[in-house]
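*Asks:* Dumping the structure here so I can ask a few things about it.
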Amino acid sequence: MSSNAAAGTIDHHFDPTTSTGVPNKKLLMWLFLASDCMFFGCLISTHLIYRLHPPPGTPAAKDVFSIELTSFSTFILLMSSLMMALAVNAIQKSNLKSLRASLLMTIFFGCIFLGCQVYEFNNFVLEKHLTITNSILGTTFFTLTGTHGTHVAVGVLWLLLMYVRSFQPREMDKHPWWFIRNVFHVVVAIGTILLGMNVVIECTRSLQAHGFASGLAAFGQAYFLRLVALAVGAGVLMRLARPGYAVAFDEKNAIDVEMMGLYWHFVDIVWIVIFTAVYLLEYI
Amino acid sequence: MADALVKAEFLGEEEKGTTKPFVLWRPTAKTGLMGWLTTVDHKRIGFLYGISALFFFLVGGIEALLIRLQLAVPNNSILSAQQYNEMFTMHATTMIFLAVMPLSAAFFNFIMPLQIGARDVAFPRLNAFSYWVFLAGAIVLNIGWLTSDGVPNGGWFGYTPLTTKAFSPGHDIDMWVMGLQLLGVASIAASLNFITTIINLRAPGMTMMRMPVFTWMTLVTAFLLILAFPAITIALVELMFDRLFGTNFFEASNGGMPVLWTHLFWVFGHPEVYILILPGMGIISEILPTFSRKPLFGYPIVVFSGASIGFLGFGVWAHHMFTTGMGTMGNTAFALATMTIAVPTGVKIFNWIGTLWNGHISMRTPMMFALGFIWTFMFGGFSGIMHAAAPADYQQHNSYFVVAHFHYVLIGGSVFALLAGIHYWFPLMFGRRVSEFWGKLSFWVIFIGFNVTFFPMHFLGLNGMPRRTFTYDSNMGWNSGNMVATIGAFTLGVGIAIYFGVMIYTFFRGERVTSDAWDGRTLEWSLPHPPPEYNFRVTPIVHARDDWWYEKHHRSEVAKERSEHAKAEASHGIHMPFQSIYPFIAGVGVLIGGIGISLVDVNTDPHVLIGKKLATCLVGFFIFLTAVYLWALEGNEGYHLHPEQDSHSGGGSEPKHH
């Protein structure tokens, strides 16, 4: 395989080392997704059964949901699938620059979705008084969408690790600190993303509470240190994104990216089902 | 296991030149503790599964004997009601999840890659991870023996609302939930690996319809595992949330429906019984042709029957729930579907008889167990059909008749087949063969003890003795039946003791066999006993079903073809995966997290920011995550091995990076 990679002649649809021609990793992921279908199948069934048999006193779902916000985050998640597809395409052509851009966009969109979900959960609990314990609707809703959100979060982490992995030097002997650099890169990236999501959500809150101008001022005062830290984190990430050495990540890693892509698309498809079953049906 | 055919110092050179960080050094120990903790060899992992399974088989057996001791005479008080509940819960959970399933997994690991001509499974480190998570689950499930919480006591089915916080406030049910959850993770990870291996790692010429039936049944079982386990995983998540976070899934006062648990549990639980029996059917389909010296009668039909049993197994779960009030329509549908399963099962039985018919039968110990399997499994099948009729089941439900039925299929079926499999493949695994006299003696004692134990239970059940009752009055008419069953149970115990005593003796002192112990038919018998680390020096080219048999009768052609093939292969050597410690460390993280979730108390002091429970879970999670990260970073590198050949002097090797 590695010798093929050097020559740039990998057939991405046929792996001659396996009996069927399907790469092992791809087959493993398809099988896992089959299993994951059953996980979500059971959760969605649980939700729908209880939706159809609501006990007295269950809050009306329409009063709780904000269909505009969820439609927006659904759209973003679907667009992230496009970015993921572009990433797979890029690495199959050994286009590292395009791969990294597409991965970062996928991560960005994934984070917007997650941020919306954090905001939505907060809103439901604090303002709509729908908690995981106080009604069967809350129990099944938070468990189902929370499980999906966990899948997205795992996907974002995976994307991030793949992004950092794309900076591994080809000649490790000449870069004895590559491992430290790798860990540092991961830590900074995770920290920056979490901080960024926190800052954006707090900013939104502040704007909602105090109006635009004074809200922005109040937010700037209260979160000044975090904003500085965010800027530093982003700066470090930009520096790390210019390694200045040849990296060991090219066409032969396409299968790793593709496997991750399968997972990401699947999680999106599951969301289409959840969005339809949990939210949209309510508005027919 | 002495598979030290190749003593290569292949790793020293590789490490010298590079500046690999300490955490990414690949372990090289082939022996000792590190050798076992870091192994990725499917045969060694199979051995680990086997040893663990046999240990828990012993534990589950002792629990069973205590149950029988308590029930030997009326109004007995050896066990309290509470202890009795713990015993039957742990007996069932242990036997199903910690004895029969891992013993099957031991054979999947050890035998399946050899049968398809592979050098390892598709993902060797994932395979090791599966084992360590299995062990973590087993520990979490059993840790109650050592703590004040006691062991789980809610039955292996864990029906809600009995297992909800209101009725079982202790940590024991949390351990049961978490233990099963981890065992599920281990089974699913292992099964994904097995399916990929069977589909993708077959030797050239090994088409699907040339695969040995045991490999086929491994494939079907693995599919059942990945599709059935999610149901119980979700059920357990829901129960765990109810217990830990106060959700309402099974909380009737807030709109929850406990019967949802019953459905989810049996959506898993019924495929689970085929997960237990199909590997056994596969083993029997290997043993009967070998000792009848005939090909398996109707191979395609046996394969398709196995697959259709697996398929139909998903549509019959509610026959465990005829008395929950599903209504006539539901009961009828599930009764019919259940009876349908009898058809492919019956087809298999007839094919096995067809294999024996006119065969040149040699009555060796594995064959005795295999024939015992057919007889007792068929018996359990008959009582199974009686349960399928919903009106009859109303009478039998929750009685000892059911206990008799499933012990006939689980012991008479699965366990007999596994005991046959151990005898059959023991020479291959360890290069030694059990003596015929002691093997047959153990068979007869086990066979008689088994029937004496469980046959009377049919009558006890029809006479109204309920399951899971810790004692009974002397005027119920159950006295003699129970006494006979207890005597039988101890006979069975003696039989098992003989069986394993002889096994241990044979492991150290038994008659040596170096090749083809039984004049076998499938590829694994072409290997030296025990097989070397790399399994096949030259990847075999498969010409027929029962390929080793074919080869034995076409020696010259095959030898010529193989020598040409060998030359081509010798140039690049045998590719072997590096060992790794990270699957084990990830398993340790999983264990700590599991203990955190199930055993540690929730923080009630508002002044403490992070309680002990959360802290333990986070530590476990962090260890797991770190291990997985390093696992990914160290990569799936391997090295090349050149086994000592006639013209070459040493078993040197060269590193290779992918």
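How things are named: the first chain in the structure tokens is A, the next is B, and so on; residues count from 1 in each chain; ligands count from 1 in the order shown.
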Do me a favour and pick out the residues of chain B within 9 Å of chain A, using only C-alpha atoms, as a VMD selection string.
*Replies:* chain B and resid 17 to 21 122 to 123 188 to 189 192 to 193 195 to 197 199 to 204 206 to 207 223 225 to 231 233 to 235 238 241 to 242 245 to 249 251 254 to 257 260 264 629 633 657 to 658
*Asks:* For the residues in that selection, give me C-alpha atoms as a tab-separated table (two decimals), in the first residue's frame.
*Replies:*
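And here is the file that came out, again_16.tsv:
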chain	number	residue	atom	x	y	z
B	17	GLY	CA	17.66	4.78	15.09
B	18	THR	CA	14.47	6.67	15.79
B	19	THR	CA	13.53	9.28	18.29
B	20	LYS	CA	10.20	7.78	19.15
B	21	PRO	CA	8.79	9.28	22.33
B	122	ALA	CA	-8.58	-7.67	10.86
B	123	PHE	CA	-7.96	-5.39	13.85
B	188	ILE	CA	-19.96	-5.57	19.86
B	189	ALA	CA	-16.33	-4.54	19.36
B	192	LEU	CA	-17.34	-6.04	14.31
B	193	ASN	CA	-13.83	-7.43	14.16
B	195	ILE	CA	-17.30	-10.03	10.68
B	196	THR	CA	-14.65	-7.90	8.98
B	197	THR	CA	-12.18	-10.76	9.35
B	199	ILE	CA	-15.61	-11.18	4.98
B	200	ASN	CA	-12.23	-9.68	4.14
B	201	LEU	CA	-9.41	-11.93	5.32
B	202	ARG	CA	-10.22	-15.20	3.63
B	203	ALA	CA	-7.35	-16.96	1.89
B	204	PRO	CA	-7.44	-17.07	-1.91
B	206	MET	CA	-11.90	-19.55	0.24
B	207	THR	CA	-15.26	-18.51	-1.14
B	223	PHE	CA	-24.25	-10.28	13.20
B	225	LEU	CA	-24.48	-9.63	18.50
B	226	ILE	CA	-24.07	-6.29	16.74
B	227	LEU	CA	-27.78	-6.03	15.98
B	228	ALA	CA	-29.23	-7.39	19.23
B	229	PHE	CA	-26.96	-5.89	21.85
B	230	PRO	CA	-27.94	-2.27	21.13
B	231	ALA	CA	-31.44	-3.04	22.42
B	233	THR	CA	-27.60	-1.24	25.79
B	234	ILE	CA	-30.37	1.32	25.40
B	235	ALA	CA	-32.55	-0.45	27.96
B	238	GLU	CA	-32.58	4.08	30.39
B	241	PHE	CA	-30.66	7.17	33.97
B	242	ASP	CA	-33.73	6.28	36.03
B	245	PHE	CA	-30.58	10.91	37.44
B	246	GLY	CA	-34.21	10.32	38.37
B	247	THR	CA	-35.63	10.10	34.84
B	248	ASN	CA	-39.02	8.53	34.20
B	249	PHE	CA	-38.49	5.78	31.63
B	251	GLU	CA	-41.46	5.32	36.53
B	254	ASN	CA	-44.78	9.90	35.84
B	255	GLY	CA	-46.04	8.17	32.71
B	256	GLY	CA	-43.30	5.56	32.31
B	257	MET	CA	-44.20	2.00	31.34
B	260	LEU	CA	-41.04	-1.18	27.82
B	264	LEU	CA	-36.36	-4.03	24.98
B	629	TYR	CA	-5.29	8.71	21.60
B	633	LEU	CA	-0.88	7.72	17.36
B	657	HIS	CA	5.94	0.97	8.46
B	658	HIS	CA	2.62	1.51	6.86
*Asks:* Just the residues within 8 Å of Gly493 in chain B, please, counting only C-alpha atoms, with nothing from its chain fewer than 2 positions along; format it as a list in words.
*Replies:*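 Close residues of Gly493 in chain B: Gly61, Leu65, Ile446, Gly449, Ala489, Phe490, Thr491, Gly495, Ile496 and Ala497 of chain B.
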*Asks:* Of the candidates A:Phe75, A:Phe108, A:Phe124, A:Phe212, which one gets nearest to Gly155 in chain A if we count only C-alpha atoms?
*Replies:*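 Under the stated criterion, the closest residue is A:Phe108.
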*Asks:* Mind checking which residues fall within 12 Å of Ile275 in chain B, counting only C-alpha atoms, ignoring those fewer than 5 positions away in the same chain, and posting them as a compact mmCIF listing (two decimals) with C-alpha atoms, in the first residue's frame?
*Replies:*
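For reference, part_2.txt as written:
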# COMPACT_ATOMS: atom_id res chain seq x y z
CA ILE B 96 -24.63 -16.62 30.03
CA PHE B 97 -22.35 -13.60 29.84
CA VAL B 100 -20.81 -19.54 27.56
CA MET B 101 -20.39 -16.34 25.52
CA PRO B 102 -16.66 -15.87 26.23
CA LEU B 103 -16.04 -19.58 25.72
CA SER B 104 -17.63 -19.19 22.29
CA ALA B 105 -15.52 -16.07 21.81
CA SER B 187 -19.11 -8.17 22.48
CA SER B 191 -18.09 -8.97 16.63
CA MET B 217 -21.92 -19.72 12.51
CA THR B 218 -19.34 -17.29 13.88
CA LEU B 219 -20.43 -14.85 11.19
CA VAL B 220 -24.13 -15.29 11.93
CA THR B 221 -23.54 -15.02 15.69
CA ALA B 222 -21.47 -11.87 15.25
CA PHE B 223 -24.25 -10.28 13.20
CA LEU B 224 -26.75 -11.21 15.91
CA LEU B 225 -24.48 -9.63 18.50
CA ILE B 226 -24.07 -6.29 16.74
CA LEU B 227 -27.78 -6.03 15.98
CA ALA B 228 -29.23 -7.39 19.23
CA PHE B 229 -26.96 -5.89 21.85
CA PHE B 268 -32.06 -8.47 22.88
CA GLY B 269 -32.75 -11.55 24.98
CA HIS B 270 -34.16 -13.79 22.33
CA GLY B 280 -22.37 -24.78 19.43
CA MET B 281 -24.17 -25.84 16.27
CA GLY B 282 -21.11 -24.75 14.33
CA GLY B 306 -28.19 -21.26 10.61
CA ALA B 307 -28.64 -17.91 8.92
CA ILE B 309 -32.45 -19.14 12.60
CA GLY B 310 -30.49 -15.95 13.21
CA PHE B 311 -32.88 -13.92 11.07
CA GLY B 313 -34.59 -14.95 16.02
CA PHE B 314 -35.34 -11.23 15.84
CA LEU B 410 -28.22 -24.33 27.19
CA SER B 414 -24.41 -24.98 24.16
*Asks:* Skipping near chain neighbours, those fewer than 4 positions away, what residues fall within 9 Å of range 200-206 of chain A using only C-alpha atoms, listed as JSON, numbers by chain?
*Replies:* {"A": [115, 116, 118, 119, 195, 196, 210, 211, 212, 214, 215, 216, 218, 219, 220, 223]}
*Asks:* Which one of A:Leu159, A:Ala61, A:His129, A:Thr192 sits closest to Met259 in chain A if you count only C-alpha atoms?
*Replies:*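 Of A:Leu159, A:Ala61, A:His129, A:Thr192, the one nearest Met259 in chain A, counting only C-alpha atoms, is A:Leu159.
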*Asks:* Taking 4 positions as the minimum chain separation for residues in the same chain, which residues sit within 8 Å of Ala87 in chain A when counting only C-alpha atoms? Answer as an MDAnalysis selection string.
*Replies:* chainID A and resid 83 91 98:103 257
*Asks:* Go ahead and save the residues from that selection, with C-alpha atoms, as a JSON list (two decimals), in the first residue's frame.
*Replies:*
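Below is the file out-v7.json, written as the result:
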[["chain", "number", "residue", "atom", "x", "y", "z"],
["A", 83, "MET", "CA", -17.78, 19.99, 3.90],
["A", 91, "ILE", "CA", -7.38, 13.89, 0.55],
["A", 98, "SER", "CA", -8.09, 21.84, 0.87],
["A", 99, "LEU", "CA", -8.39, 18.90, 3.29],
["A", 100, "ARG", "CA", -7.52, 21.05, 6.28],
["A", 101, "ALA", "CA", -9.84, 23.86, 5.24],
["A", 102, "SER", "CA", -12.70, 21.41, 4.75],
["A", 103, "LEU", "CA", -12.01, 19.68, 8.05],
["A", 257, "VAL", "CA", -10.76, 10.33, 6.47]]
*Asks:* Do a neighbour search on range 350-352 of chain B at 8 Å with only C-alpha atoms, toss out local chain neighbours closer than 2 positions, and write the hits as a list in words.
*Replies:*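 Final neighbour list, sorted by chain and number: Ser285, Leu288, Leu296, Phe297, Gly298, Val302, Gly346, Val347, Lys348, Gly354, Thr355 and Leu356 of chain B.
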*Asks:* Please save N, CA and C atoms of the selected residues as a PDB file, in the first residue's frame.
*Replies:*
ATOM      1  N   SER B 285     -21.159 -29.181  13.769  1.00  0.00           N
ATOM      2  CA  SER B 285     -21.055 -29.397  12.326  1.00  0.00           C
ATOM      3  C   SER B 285     -19.614 -29.618  11.875  1.00  0.00           C
ATOM      4  N   LEU B 288     -18.947 -33.767  13.690  1.00  0.00           N
ATOM      5  CA  LEU B 288     -19.619 -34.934  13.102  1.00  0.00           C
ATOM      6  C   LEU B 288     -18.969 -35.384  11.795  1.00  0.00           C
ATOM      7  N   LEU B 296     -19.965 -32.964   5.511  1.00  0.00           N
ATOM      8  CA  LEU B 296     -21.237 -32.613   6.143  1.00  0.00           C
ATOM      9  C   LEU B 296     -22.365 -32.794   5.140  1.00  0.00           C
ATOM     10  N   PHE B 297     -23.422 -33.484   5.559  1.00  0.00           N
ATOM     11  CA  PHE B 297     -24.553 -33.729   4.670  1.00  0.00           C
ATOM     12  C   PHE B 297     -25.310 -32.426   4.442  1.00  0.00           C
ATOM     13  N   GLY B 298     -25.506 -32.030   3.188  1.00  0.00           N
ATOM     14  CA  GLY B 298     -26.309 -30.845   2.871  1.00  0.00           C
ATOM     15  C   GLY B 298     -25.716 -29.551   3.393  1.00  0.00           C
ATOM     16  N   VAL B 302     -27.426 -26.493   5.715  1.00  0.00           N
ATOM     17  CA  VAL B 302     -27.042 -26.266   7.109  1.00  0.00           C
ATOM     18  C   VAL B 302     -26.678 -24.795   7.303  1.00  0.00           C
ATOM     19  N   GLY B 346     -34.895 -28.101  12.917  1.00  0.00           N
ATOM     20  CA  GLY B 346     -35.129 -29.509  12.576  1.00  0.00           C
ATOM     21  C   GLY B 346     -34.310 -29.916  11.363  1.00  0.00           C
ATOM     22  N   VAL B 347     -34.221 -29.018  10.379  1.00  0.00           N
ATOM     23  CA  VAL B 347     -33.427 -29.310   9.186  1.00  0.00           C
ATOM     24  C   VAL B 347     -31.988 -29.621   9.579  1.00  0.00           C
ATOM     25  N   LYS B 348     -31.463 -28.839  10.509  1.00  0.00           N
ATOM     26  CA  LYS B 348     -30.086 -29.078  10.949  1.00  0.00           C
ATOM     27  C   LYS B 348     -29.935 -30.449  11.576  1.00  0.00           C
ATOM     28  N   GLY B 354     -27.993 -37.191   8.815  1.00  0.00           N
ATOM     29  CA  GLY B 354     -27.570 -37.573   7.465  1.00  0.00           C
ATOM     30  C   GLY B 354     -26.060 -37.687   7.353  1.00  0.00           C
ATOM     31  N   THR B 355     -25.355 -36.860   8.104  1.00  0.00           N
ATOM     32  CA  THR B 355     -23.888 -36.952   8.092  1.00  0.00           C
ATOM     33  C   THR B 355     -23.414 -38.261   8.717  1.00  0.00           C
ATOM     34  N   LEU B 356     -24.098 -38.661   9.800  1.00  0.00           N
ATOM     35  CA  LEU B 356     -23.720 -39.904  10.478  1.00  0.00           C
ATOM     36  C   LEU B 356     -24.049 -41.123   9.630  1.00  0.00           C
TER      37      LEU B 356
END
